[in-house]
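Source file: input11.cif. Holds: mmCIF, C-alpha atoms.
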data_data
loop_
_atom_site.label_atom_id
_atom_site.label_comp_id
_atom_site.auth_asym_id
_atom_site.auth_seq_id
_atom_site.Cartn_x
_atom_site.Cartn_y
_atom_site.Cartn_z
CA MET A 1 0.00 0.00 0.00
CA LEU A 2 1.17 3.52 -0.79
CA ASN A 3 2.62 5.15 2.34
CA LEU A 4 2.24 8.92 2.72
CA PRO A 5 3.06 9.59 6.40
CA ASP A 6 3.67 13.32 5.92
CA VAL A 7 0.43 13.94 4.02
CA SER A 8 -2.89 14.75 5.69
CA LEU A 9 -6.07 13.67 3.93
CA ALA A 10 -8.76 16.32 4.43
CA CYS A 11 -12.34 16.86 3.32
CA LEU A 12 -14.52 19.84 4.28
CA ASP A 13 -18.21 18.98 3.93
CA THR A 14 -21.09 19.96 6.21
CA ARG A 15 -23.79 19.04 3.69
CA HIS A 16 -23.05 15.46 2.61
CA PRO A 17 -20.69 13.97 5.23
CA GLU A 18 -21.81 10.43 4.42
CA LEU A 19 -20.71 10.87 0.80
CA ALA A 20 -17.47 12.44 1.99
CA VAL A 21 -16.78 9.35 4.10
CA PHE A 22 -17.42 7.10 1.07
CA ALA A 23 -14.82 9.05 -0.94
CA MET A 24 -12.33 9.17 1.94
CA GLN A 25 -12.63 5.43 2.43
CA HIS A 26 -11.72 4.92 -1.23
CA CYS A 27 -8.54 6.89 -0.55
CA LEU A 28 -7.75 5.15 2.74
CA ASP A 29 -8.16 1.72 1.17
CA GLN A 30 -5.35 2.58 -1.23
CA ALA A 31 -2.94 4.73 0.78
CA ARG A 32 -1.80 5.31 4.36
CA PHE A 33 -1.86 8.95 5.37
CA GLY A 34 -0.49 10.67 8.43
CA GLU A 35 -4.10 11.48 9.31
CA ALA A 36 -7.54 11.59 7.73
CA VAL A 37 -9.71 14.52 8.81
CA LEU A 38 -13.36 15.12 7.97
CA LEU A 39 -14.31 18.71 8.74
CA THR A 40 -18.07 18.62 9.24
CA VAL A 41 -20.98 19.33 11.56
CA ALA A 42 -20.52 18.64 15.25
CA ASP A 43 -23.20 15.95 15.57
CA TYR A 44 -21.77 13.70 12.84
CA ALA A 45 -20.01 10.51 14.01
CA SER A 46 -17.65 8.83 11.58
CA PRO A 47 -18.49 5.17 10.87
CA ASP A 48 -14.80 4.56 10.09
CA PRO A 49 -12.21 4.74 12.90
CA ARG A 50 -9.56 5.79 10.38
CA ILE A 51 -11.38 9.11 9.88
CA ARG A 52 -11.23 11.78 12.57
CA VAL A 53 -14.16 14.18 12.66
CA GLN A 54 -13.28 17.81 13.33
CA PRO A 55 -16.41 19.87 14.05
CA VAL A 56 -16.76 23.14 12.16
CA THR A 57 -19.47 25.72 11.67
CA CYS A 58 -22.04 24.72 9.06
CA LEU A 59 -21.16 26.07 5.63
CA ARG A 60 -23.98 27.99 3.99
CA SER A 61 -22.45 28.77 0.60
CA VAL A 62 -19.57 28.18 -1.78
CA ALA A 63 -18.13 31.43 -0.46
CA ASP A 64 -18.05 29.94 3.07
CA TYR A 65 -16.28 26.85 1.74
CA SER A 66 -13.70 28.92 -0.12
CA ALA A 67 -12.97 31.19 2.83
CA PHE A 68 -12.40 28.20 5.11
CA ILE A 69 -10.13 26.36 2.68
CA VAL A 70 -8.01 29.42 1.98
CA LYS A 71 -7.72 30.91 5.45
CA SER A 72 -8.53 28.21 8.04
CA LEU A 73 -7.56 24.79 6.70
CA GLY A 74 -3.99 24.93 7.98
CA ALA A 75 -5.13 25.05 11.61
CA HIS A 76 -6.85 21.67 11.29
CA VAL A 77 -4.18 19.51 9.63
CA ARG A 78 -0.70 18.49 10.77
CA GLY A 79 1.07 17.23 7.65
CA SER A 80 3.75 18.90 5.58
CA HIS A 81 1.22 18.51 2.76
CA VAL A 82 -2.53 18.05 2.62
CA LEU A 83 -4.51 16.17 0.00
CA VAL A 84 -7.72 18.20 -0.24
CA MET A 85 -10.64 16.20 -1.58
CA GLN A 86 -14.40 16.50 -1.95
CA TRP A 87 -17.23 13.95 -1.93
CA ASP A 88 -16.90 13.58 -5.71
CA SER A 89 -13.17 12.87 -5.81
CA PHE A 90 -10.80 10.16 -4.66
CA ILE A 91 -7.68 8.16 -5.48
CA LEU A 92 -7.93 6.05 -8.62
CA ASP A 93 -4.47 4.55 -9.05
CA PRO A 94 -1.99 4.63 -6.15
CA GLY A 95 0.62 3.30 -8.56
CA ALA A 96 0.46 6.63 -10.38
CA TRP A 97 1.84 8.45 -7.32
CA ASP A 98 5.10 10.25 -8.08
CA PRO A 99 7.33 11.50 -5.21
CA ALA A 100 7.90 14.58 -7.39
CA PHE A 101 4.35 15.66 -6.49
CA LEU A 102 5.67 16.66 -3.07
CA GLU A 103 8.27 18.98 -4.58
CA PHE A 104 5.56 21.53 -5.37
CA ASP A 105 3.28 23.66 -3.22
CA TYR A 106 0.12 23.24 -5.31
CA LEU A 107 -0.96 20.45 -7.63
CA GLY A 108 -4.43 20.02 -9.14
CA ALA A 109 -6.08 18.73 -12.28
CA PRO A 110 -5.48 20.89 -15.38
CA TRP A 111 -8.01 23.47 -16.53
CA PRO A 112 -8.26 23.33 -20.35
CA HIS A 113 -10.18 26.64 -20.40
CA ARG A 114 -7.82 28.76 -18.31
CA ALA A 115 -4.29 30.09 -18.38
CA PRO A 116 -2.40 29.22 -16.28
CA PRO A 117 -3.93 25.74 -16.52
CA VAL A 118 -3.11 24.26 -13.07
CA GLY A 119 -5.47 23.70 -11.43
CA ASN A 120 -8.60 22.33 -9.90
CA GLY A 121 -8.99 22.38 -6.10
CA GLY A 122 -11.53 19.56 -5.68
CA PHE A 123 -8.72 17.00 -5.58
CA SER A 124 -5.49 18.84 -4.93
CA LEU A 125 -2.20 18.53 -3.08
CA ARG A 126 -1.10 21.59 -1.08
CA SER A 127 1.97 22.24 1.02
CA ARG A 128 2.17 23.70 4.50
CA ARG A 129 4.13 26.56 2.94
CA LEU A 130 1.13 27.40 0.79
CA LEU A 131 -1.33 27.16 3.68
CA ASP A 132 0.83 29.59 5.64
CA ALA A 133 1.31 31.95 2.67
CA LEU A 134 -2.46 32.22 2.21
CA HIS A 135 -2.68 34.09 5.51
CA ASP A 136 -1.24 37.07 3.63
CA PRO A 137 -3.71 39.89 4.47
CA ASP A 138 -3.61 41.12 0.88
CA ILE A 139 -5.22 37.85 -0.26
CA ARG A 140 -8.82 38.89 0.21
CA ASP A 141 -10.91 37.78 -2.79
CA LEU A 142 -11.37 34.12 -1.96
CA GLN A 143 -14.10 32.67 -4.17
CA PRO A 144 -13.75 30.21 -5.76
CA GLU A 145 -10.79 29.12 -3.72
CA ASP A 146 -8.87 27.36 -6.50
CA TYR A 147 -9.22 30.38 -8.79
CA CYS A 148 -8.07 32.59 -5.91
CA ILE A 149 -4.92 30.51 -5.42
CA CYS A 150 -4.04 29.48 -8.95
CA GLU A 151 -4.95 32.55 -10.96
CA LEU A 152 -5.98 35.65 -9.05
CA TYR A 153 -3.10 35.65 -6.53
CA ARG A 154 -0.65 33.35 -8.27
CA ASP A 155 1.83 36.09 -9.09
CA ARG A 156 1.83 37.28 -5.48
CA LEU A 157 2.19 33.75 -4.11
CA GLU A 158 5.10 33.04 -6.45
CA GLY A 159 6.84 36.39 -6.18
CA THR A 160 6.36 37.26 -2.51
CA HIS A 161 6.16 33.83 -0.91
CA GLY A 162 8.14 31.61 -3.31
CA ILE A 163 5.23 29.25 -3.88
CA ARG A 164 5.80 26.67 -6.64
CA PHE A 165 2.92 25.48 -8.82
CA ALA A 166 3.32 22.12 -10.53
CA PRO A 167 3.92 22.06 -14.31
CA LEU A 168 1.12 20.98 -16.62
CA GLU A 169 2.44 17.52 -17.51
CA LEU A 170 2.89 16.60 -13.85
CA ALA A 171 -0.61 17.83 -13.10
CA ARG A 172 -1.99 15.61 -15.87
CA ARG A 173 -0.48 12.59 -14.16
CA PHE A 174 -1.83 13.71 -10.79
CA ALA A 175 -5.53 14.08 -11.58
CA PHE A 176 -8.16 14.84 -14.21
CA GLU A 177 -11.42 16.76 -14.15
CA LEU A 178 -12.56 18.63 -17.28
CA GLU A 179 -10.35 16.84 -19.78
CA ALA A 180 -10.15 13.08 -20.28
CA PRO A 181 -6.98 11.43 -18.95
CA ASN A 182 -4.39 10.29 -21.47
CA GLY A 183 -2.86 7.74 -19.12
CA PRO A 184 -2.91 6.54 -15.51
CA THR A 185 -3.70 9.26 -12.97
CA PHE A 186 -3.49 9.30 -9.20
CA GLY A 187 -6.98 10.73 -8.76
CA PHE A 188 -9.87 12.68 -10.25
CA HIS A 189 -12.64 15.14 -9.47
CA GLY A 190 -16.26 15.43 -10.61
CA LEU A 191 -19.51 13.47 -10.38
CA PHE A 192 -19.62 13.51 -14.18
CA ASN A 193 -16.43 11.38 -14.14
CA PHE A 194 -17.86 8.58 -11.99
CA HIS A 195 -18.23 6.40 -15.09
CA ARG A 196 -14.42 6.37 -15.23
CA ALA A 197 -13.93 5.95 -11.48
CA LEU A 198 -16.44 3.30 -10.37
CA SER A 199 -17.38 -0.12 -11.69
CA GLU A 200 -21.04 -0.72 -12.51
CA PRO A 201 -21.79 -2.55 -9.21
CA ASP A 202 -20.00 0.14 -7.19
CA LEU A 203 -21.73 2.96 -9.04
CA LEU A 204 -25.16 1.34 -8.60
CA ALA A 205 -24.46 1.02 -4.87
CA TRP A 206 -23.41 4.68 -4.71
CA LEU A 207 -26.57 5.75 -6.55
CA ASP A 208 -28.68 3.98 -3.91
CA ARG A 209 -27.39 6.45 -1.29
CA ALA A 210 -27.03 9.55 -3.45
CA PRO A 211 -29.26 12.55 -2.64
CA VAL A 212 -31.93 13.21 -5.26
CA GLY A 213 -30.71 16.77 -5.71
CA LEU A 214 -27.30 15.59 -6.90
CA LEU A 215 -28.77 13.20 -9.46
CA CYS A 216 -31.03 15.97 -10.74
CA SER A 217 -28.18 18.46 -11.09
CA MET A 218 -26.34 19.42 -14.27
CA GLN A 219 -23.44 17.23 -13.15
CA GLY A 220 -25.91 14.35 -12.84
CA ARG A 221 -27.08 14.99 -16.39
CA ARG A 222 -23.50 15.00 -17.66
CA LEU A 223 -22.92 11.69 -15.91
CA VAL A 224 -26.01 10.18 -17.60
CA LYS A 225 -24.74 11.22 -21.01
CA ASN A 226 -21.31 9.75 -20.29
CA LEU A 227 -22.88 6.51 -19.09
CA ILE A 228 -25.01 6.25 -22.24
CA ARG A 229 -21.97 6.89 -24.41
CA ASP A 230 -20.06 4.13 -22.58
CA GLY A 231 -22.92 1.62 -22.69
CA ARG A 232 -23.49 1.69 -18.92
CA ALA A 233 -27.24 1.07 -19.19
CA ALA A 234 -28.16 0.07 -15.63
CA SER A 235 -26.62 3.14 -14.00
CA ALA A 236 -28.00 5.48 -16.68
CA ARG A 237 -31.51 4.07 -16.21
CA LYS A 238 -31.30 4.44 -12.45
CA ILE A 239 -30.47 8.14 -12.66
CA LEU A 240 -33.09 8.76 -15.34
CA GLN A 241 -35.76 7.13 -13.19
CA VAL A 242 -34.96 9.61 -10.42
CA ARG A 243 -34.91 12.58 -12.79
CA ALA A 244 -38.22 11.47 -14.32
CA ARG A 245 -39.90 12.03 -10.94
CA GLY A 246 -38.86 15.69 -10.87
CA GLY A 247 -40.50 18.81 -12.30
CA LEU A 248 -41.73 19.16 -15.86
CA LYS A 249 -38.37 20.30 -17.24
CA LEU A 250 -36.59 17.33 -15.65
CA ARG A 251 -39.26 14.90 -16.84
CA LEU A 252 -39.02 16.13 -20.41
CA ASP A 253 -35.24 15.95 -20.27
CA ALA A 254 -35.42 12.41 -18.89
CA ILE A 255 -37.59 11.42 -21.87
CA LYS A 256 -35.04 12.99 -24.22
CA LEU A 257 -32.12 11.19 -22.61
CA GLY A 258 -34.14 7.98 -22.43
CA SER A 259 -34.59 8.15 -26.19
CA LEU A 260 -30.81 8.25 -26.56
CA LEU A 261 -30.61 5.15 -24.41
CA ALA A 262 -33.30 3.44 -26.48
CA ALA A 263 -31.57 4.39 -29.71
CA ARG A 264 -28.53 2.51 -28.50
CA ARG A 265 -30.78 -0.41 -27.55
CA LEU A 266 -29.76 -0.10 -23.93
CA TRP A 267 -33.08 0.71 -22.23
CA HIS A 268 -34.31 -2.87 -21.71
#
This structure in structure tokens:
Amino acid sequence: MLNLPDVSLACLDTRHPELAVFAMQHCLDQARFGEAVLLTVADYASPDPRIRVQPVTCLRSVADYSAFIVKSLGAHVRGSHVLVMQWDSFILDPGAWDPAFLEFDYLGAPWPHRAPPVGNGGFSLRSRRLLDALHDPDIRDLQPEDYCICELYRDRLEGTHGIRFAPLELARRFAFELEAPNGPTFGFHGLFNFHRALSEPDLLAWLDRAPVGLLCSMQGRRLVKNLIRDGRAASARKILQVRARGGLKLRLDAIKLGSLLAARRLWH
């Protein structure tokens, strides 16, 4: 098993802690971390003894999440680095780990639509040096947190604090999100990528516990389309059945997507 004693595994989630635990367990089954910390509501008890619950104030918005990650995360983790993850991200291939990842202060999946292209915060590796540098009082515009770090204040972080962002090719081997991987990657981010991350039995089991709102979201729709494209009929049908019980717009869209499934002779 991959051994990362100096890396903290951390997830901040006060809305779906049970899904966060599922994702953290996927990571802990493939790597040993110095600690695994779930930052969530005070009354949540972890079902897994490997995961320590750290109570935090309930997050009410993306802005709350971003502010905590940028300014407060460092006080809750002990490692020289922290692997920040969300409920829709986890380790895929521990064999893709490269010790060179730890030579940089920030590493996340590439952004094909932005320059600089590195990177996504939903599954990202951050150094203690970066966590400390983010206390800079001139870093004030915090949302979204990965844009704040990797684009808005990148020049300041590099020039004033000596922060090193990973190069693009290393980031591609670390994780993927908006662009398909071109080889083995350590991890990923995004519900719409679950067709790449989970087998059909595992995905069906996850869908049994997934909140309706997530399956009815735009990310849920993107996942359905990816499942149809890949011939994953059972999972696609399960999501469409949930979406078909929603409002008129969702019902009509479920019919449209169902016709794509039928056209590929996957509905029955």
Q | Between CA of Arg222 in chain A and CA of Leu257 in chain A, distance in Å (one decimal) | A | 10.6 Å
(Q) Would you pick out the contacts of Gly213 in chain A at 12 Å or less, using only C-alpha atoms, so that residues sharing its chain but fewer than 2 positions from it are not included, and give the list as a VMD selection string? (A) chain A and resid 15 to 16 207 209 to 211 215 to 221 239 242 to 243 245 to 247 250
**Q.** Atom-to-atom span, CA of Pro5 in chain A and CA of Glu35 in chain A, Å
**A.** 8.0 Å
Could you list, with a cut-off of 9 Å and counting all atoms listed in the file, the residues of range 116-223 of chain A near range 90-96 of chain A, each shown with its nearest atom pair and the distance in Å rounded to one decimal, rows sorted by chain and ascending number, as CSV?
residue,atom,partner,partner_atom,distance
A:Phe123,CA,A:Phe90,CA,7.2
A:Arg173,CA,A:Ala96,CA,7.1
A:Phe174,CA,A:Ala96,CA,7.5
A:Ala175,CA,A:Ile91,CA,8.8
A:Pro184,CA,A:Ala96,CA,6.1
A:Thr185,CA,A:Ala96,CA,5.6
A:Phe186,CA,A:Asp93,CA,4.9
A:Gly187,CA,A:Ile91,CA,4.2
A:Phe188,CA,A:Phe90,CA,6.2
A:His189,CA,A:Phe90,CA,7.2
A:Ala197,CA,A:Leu92,CA,6.6
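One distance worth recording is that between CA of Glu177 in chain A and CA of Arg232 in chain A, which is 19.9 Å.
When the PyMOL selection byres ((chain A and resi 130-143) around 6) is evaluated against the file, it yields A:Ala63, A:Ser66, A:Ala67, A:Lys71, A:Gly74, A:Asp105, A:Ser127, A:Arg128, A:Arg129, A:Pro144, A:Glu145, A:Cys148.
Checking A:Cys58, A:Pro110, A:Ile228, A:Ser235 one by one against Pro167 in chain A, counting only C-alpha atoms, you find the shortest gap at A:Pro110.
Minimum atom-to-atom distance to Ala263 in chain A, evaluated using all atoms listed in the file, belongs to A:Gly231 out of A:Gly231, A:Leu223, A:Gly190, A:Ala23.
The closest residue to Leu178 in chain A, picked from A:Met24, A:Val56, A:Ala109, A:Ala234 and counting only C-alpha atoms, is A:Ala109.
The protein and nucleic acid residues lying at most 8 Å from Gly119 in chain A are Leu107, Gly108, Ala109, Pro110, Trp111, Asp146, Cys150 and Ala171 of chain A, with all atoms listed in the file considered and sequence neighbours fewer than 5 positions away removed.
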Q | Resolved residues for the PyMOL selection byres ((chain A and resi 164) around 8) as a list in words | A | Phe104, Asp105, Tyr106, Glu158, Gly162, Ile163, Phe165 and Ala166 of chain A
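Considering the residues A:Ser46, A:Lys225, A:Ile69, A:Leu157 and counting all atoms listed in the file, Gly121 in chain A has its shortest atom-to-atom contact with A:Ile69.
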Missing atoms in range 127-157 of chain A need filling: write out N, CA and C atoms for it as a PDB file, keeping the file's coordinate frame.
ATOM      1  N   SER A 127       0.921  22.293   0.007  1.00  0.00           N
ATOM      2  CA  SER A 127       1.970  22.240   1.020  1.00  0.00           C
ATOM      3  C   SER A 127       1.619  23.109   2.214  1.00  0.00           C
ATOM      4  N   ARG A 128       2.291  22.842   3.327  1.00  0.00           N
ATOM      5  CA  ARG A 128       2.170  23.700   4.500  1.00  0.00           C
ATOM      6  C   ARG A 128       2.632  25.122   4.178  1.00  0.00           C
ATOM      7  N   ARG A 129       3.656  25.225   3.341  1.00  0.00           N
ATOM      8  CA  ARG A 129       4.130  26.560   2.940  1.00  0.00           C
ATOM      9  C   ARG A 129       3.023  27.369   2.284  1.00  0.00           C
ATOM     10  N   LEU A 130       2.231  26.703   1.435  1.00  0.00           N
ATOM     11  CA  LEU A 130       1.130  27.400   0.790  1.00  0.00           C
ATOM     12  C   LEU A 130       0.060  27.791   1.792  1.00  0.00           C
ATOM     13  N   LEU A 131      -0.311  26.857   2.678  1.00  0.00           N
ATOM     14  CA  LEU A 131      -1.330  27.160   3.680  1.00  0.00           C
ATOM     15  C   LEU A 131      -0.931  28.364   4.518  1.00  0.00           C
ATOM     16  N   ASP A 132       0.352  28.445   4.855  1.00  0.00           N
ATOM     17  CA  ASP A 132       0.830  29.590   5.640  1.00  0.00           C
ATOM     18  C   ASP A 132       0.831  30.875   4.802  1.00  0.00           C
ATOM     19  N   ALA A 133       1.244  30.768   3.531  1.00  0.00           N
ATOM     20  CA  ALA A 133       1.310  31.950   2.670  1.00  0.00           C
ATOM     21  C   ALA A 133      -0.065  32.560   2.442  1.00  0.00           C
ATOM     22  N   LEU A 134      -1.107  31.725   2.467  1.00  0.00           N
ATOM     23  CA  LEU A 134      -2.460  32.220   2.210  1.00  0.00           C
ATOM     24  C   LEU A 134      -3.001  33.098   3.323  1.00  0.00           C
ATOM     25  N   HIS A 135      -2.282  33.167   4.447  1.00  0.00           N
ATOM     26  CA  HIS A 135      -2.680  34.090   5.510  1.00  0.00           C
ATOM     27  C   HIS A 135      -2.282  35.535   5.191  1.00  0.00           C
ATOM     28  N   ASP A 136      -1.596  35.728   4.096  1.00  0.00           N
ATOM     29  CA  ASP A 136      -1.240  37.070   3.630  1.00  0.00           C
ATOM     30  C   ASP A 136      -2.502  37.948   3.642  1.00  0.00           C
ATOM     31  N   PRO A 137      -2.499  39.060   4.372  1.00  0.00           N
ATOM     32  CA  PRO A 137      -3.710  39.890   4.470  1.00  0.00           C
ATOM     33  C   PRO A 137      -4.132  40.521   3.150  1.00  0.00           C
ATOM     34  N   ASP A 138      -3.236  40.574   2.179  1.00  0.00           N
ATOM     35  CA  ASP A 138      -3.610  41.120   0.880  1.00  0.00           C
ATOM     36  C   ASP A 138      -4.348  40.118   0.000  1.00  0.00           C
ATOM     37  N   ILE A 139      -4.415  38.855   0.453  1.00  0.00           N
ATOM     38  CA  ILE A 139      -5.220  37.850  -0.260  1.00  0.00           C
ATOM     39  C   ILE A 139      -6.615  37.901   0.343  1.00  0.00           C
ATOM     40  N   ARG A 140      -7.505  38.591  -0.362  1.00  0.00           N
ATOM     41  CA  ARG A 140      -8.820  38.890   0.210  1.00  0.00           C
ATOM     42  C   ARG A 140      -9.988  38.374  -0.618  1.00  0.00           C
ATOM     43  N   ASP A 141      -9.832  38.275  -1.931  1.00  0.00           N
ATOM     44  CA  ASP A 141     -10.910  37.780  -2.790  1.00  0.00           C
ATOM     45  C   ASP A 141     -10.761  36.274  -2.900  1.00  0.00           C
ATOM     46  N   LEU A 142     -11.640  35.533  -2.235  1.00  0.00           N
ATOM     47  CA  LEU A 142     -11.370  34.120  -1.960  1.00  0.00           C
ATOM     48  C   LEU A 142     -12.233  33.128  -2.741  1.00  0.00           C
ATOM     49  N   GLN A 143     -13.174  33.589  -3.526  1.00  0.00           N
ATOM     50  CA  GLN A 143     -14.100  32.670  -4.170  1.00  0.00           C
ATOM     51  C   GLN A 143     -14.002  32.738  -5.694  1.00  0.00           C
ATOM     52  N   PRO A 144     -13.961  31.532  -6.343  1.00  0.00           N
ATOM     53  CA  PRO A 144     -13.750  30.210  -5.760  1.00  0.00           C
ATOM     54  C   PRO A 144     -12.304  30.038  -5.324  1.00  0.00           C
ATOM     55  N   GLU A 145     -12.099  29.184  -4.378  1.00  0.00           N
ATOM     56  CA  GLU A 145     -10.790  29.120  -3.720  1.00  0.00           C
ATOM     57  C   GLU A 145      -9.674  28.690  -4.660  1.00  0.00           C
ATOM     58  N   ASP A 146      -9.946  27.790  -5.603  1.00  0.00           N
ATOM     59  CA  ASP A 146      -8.870  27.360  -6.500  1.00  0.00           C
ATOM     60  C   ASP A 146      -8.509  28.464  -7.494  1.00  0.00           C
ATOM     61  N   TYR A 147      -9.502  29.225  -7.935  1.00  0.00           N
ATOM     62  CA  TYR A 147      -9.220  30.380  -8.790  1.00  0.00           C
ATOM     63  C   TYR A 147      -8.417  31.437  -8.018  1.00  0.00           C
ATOM     64  N   CYS A 148      -8.785  31.650  -6.765  1.00  0.00           N
ATOM     65  CA  CYS A 148      -8.070  32.590  -5.910  1.00  0.00           C
ATOM     66  C   CYS A 148      -6.594  32.227  -5.834  1.00  0.00           C
ATOM     67  N   ILE A 149      -6.302  30.957  -5.608  1.00  0.00           N
ATOM     68  CA  ILE A 149      -4.920  30.510  -5.420  1.00  0.00           C
ATOM     69  C   ILE A 149      -4.156  30.443  -6.734  1.00  0.00           C
ATOM     70  N   CYS A 150      -4.778  29.835  -7.734  1.00  0.00           N
ATOM     71  CA  CYS A 150      -4.040  29.480  -8.950  1.00  0.00           C
ATOM     72  C   CYS A 150      -4.025  30.551 -10.027  1.00  0.00           C
ATOM     73  N   GLU A 151      -4.904  31.516  -9.916  1.00  0.00           N
ATOM     74  CA  GLU A 151      -4.950  32.550 -10.960  1.00  0.00           C
ATOM     75  C   GLU A 151      -4.907  33.953 -10.366  1.00  0.00           C
ATOM     76  N   LEU A 152      -5.859  34.277  -9.523  1.00  0.00           N
ATOM     77  CA  LEU A 152      -5.980  35.650  -9.050  1.00  0.00           C
ATOM     78  C   LEU A 152      -4.744  36.120  -8.282  1.00  0.00           C
ATOM     79  N   TYR A 153      -4.247  35.256  -7.364  1.00  0.00           N
ATOM     80  CA  TYR A 153      -3.100  35.650  -6.530  1.00  0.00           C
ATOM     81  C   TYR A 153      -1.848  34.828  -6.834  1.00  0.00           C
ATOM     82  N   ARG A 154      -1.821  34.187  -7.967  1.00  0.00           N
ATOM     83  CA  ARG A 154      -0.650  33.350  -8.270  1.00  0.00           C
ATOM     84  C   ARG A 154       0.637  34.162  -8.315  1.00  0.00           C
ATOM     85  N   ASP A 155       0.613  35.286  -8.993  1.00  0.00           N
ATOM     86  CA  ASP A 155       1.830  36.090  -9.090  1.00  0.00           C
ATOM     87  C   ASP A 155       2.332  36.502  -7.710  1.00  0.00           C
ATOM     88  N   ARG A 156       1.423  36.871  -6.829  1.00  0.00           N
ATOM     89  CA  ARG A 156       1.830  37.280  -5.480  1.00  0.00           C
ATOM     90  C   ARG A 156       2.389  36.078  -4.717  1.00  0.00           C
ATOM     91  N   LEU A 157       1.728  34.934  -4.823  1.00  0.00           N
ATOM     92  CA  LEU A 157       2.190  33.750  -4.110  1.00  0.00           C
ATOM     93  C   LEU A 157       3.573  33.327  -4.594  1.00  0.00           C
TER      94      LEU A 157
END
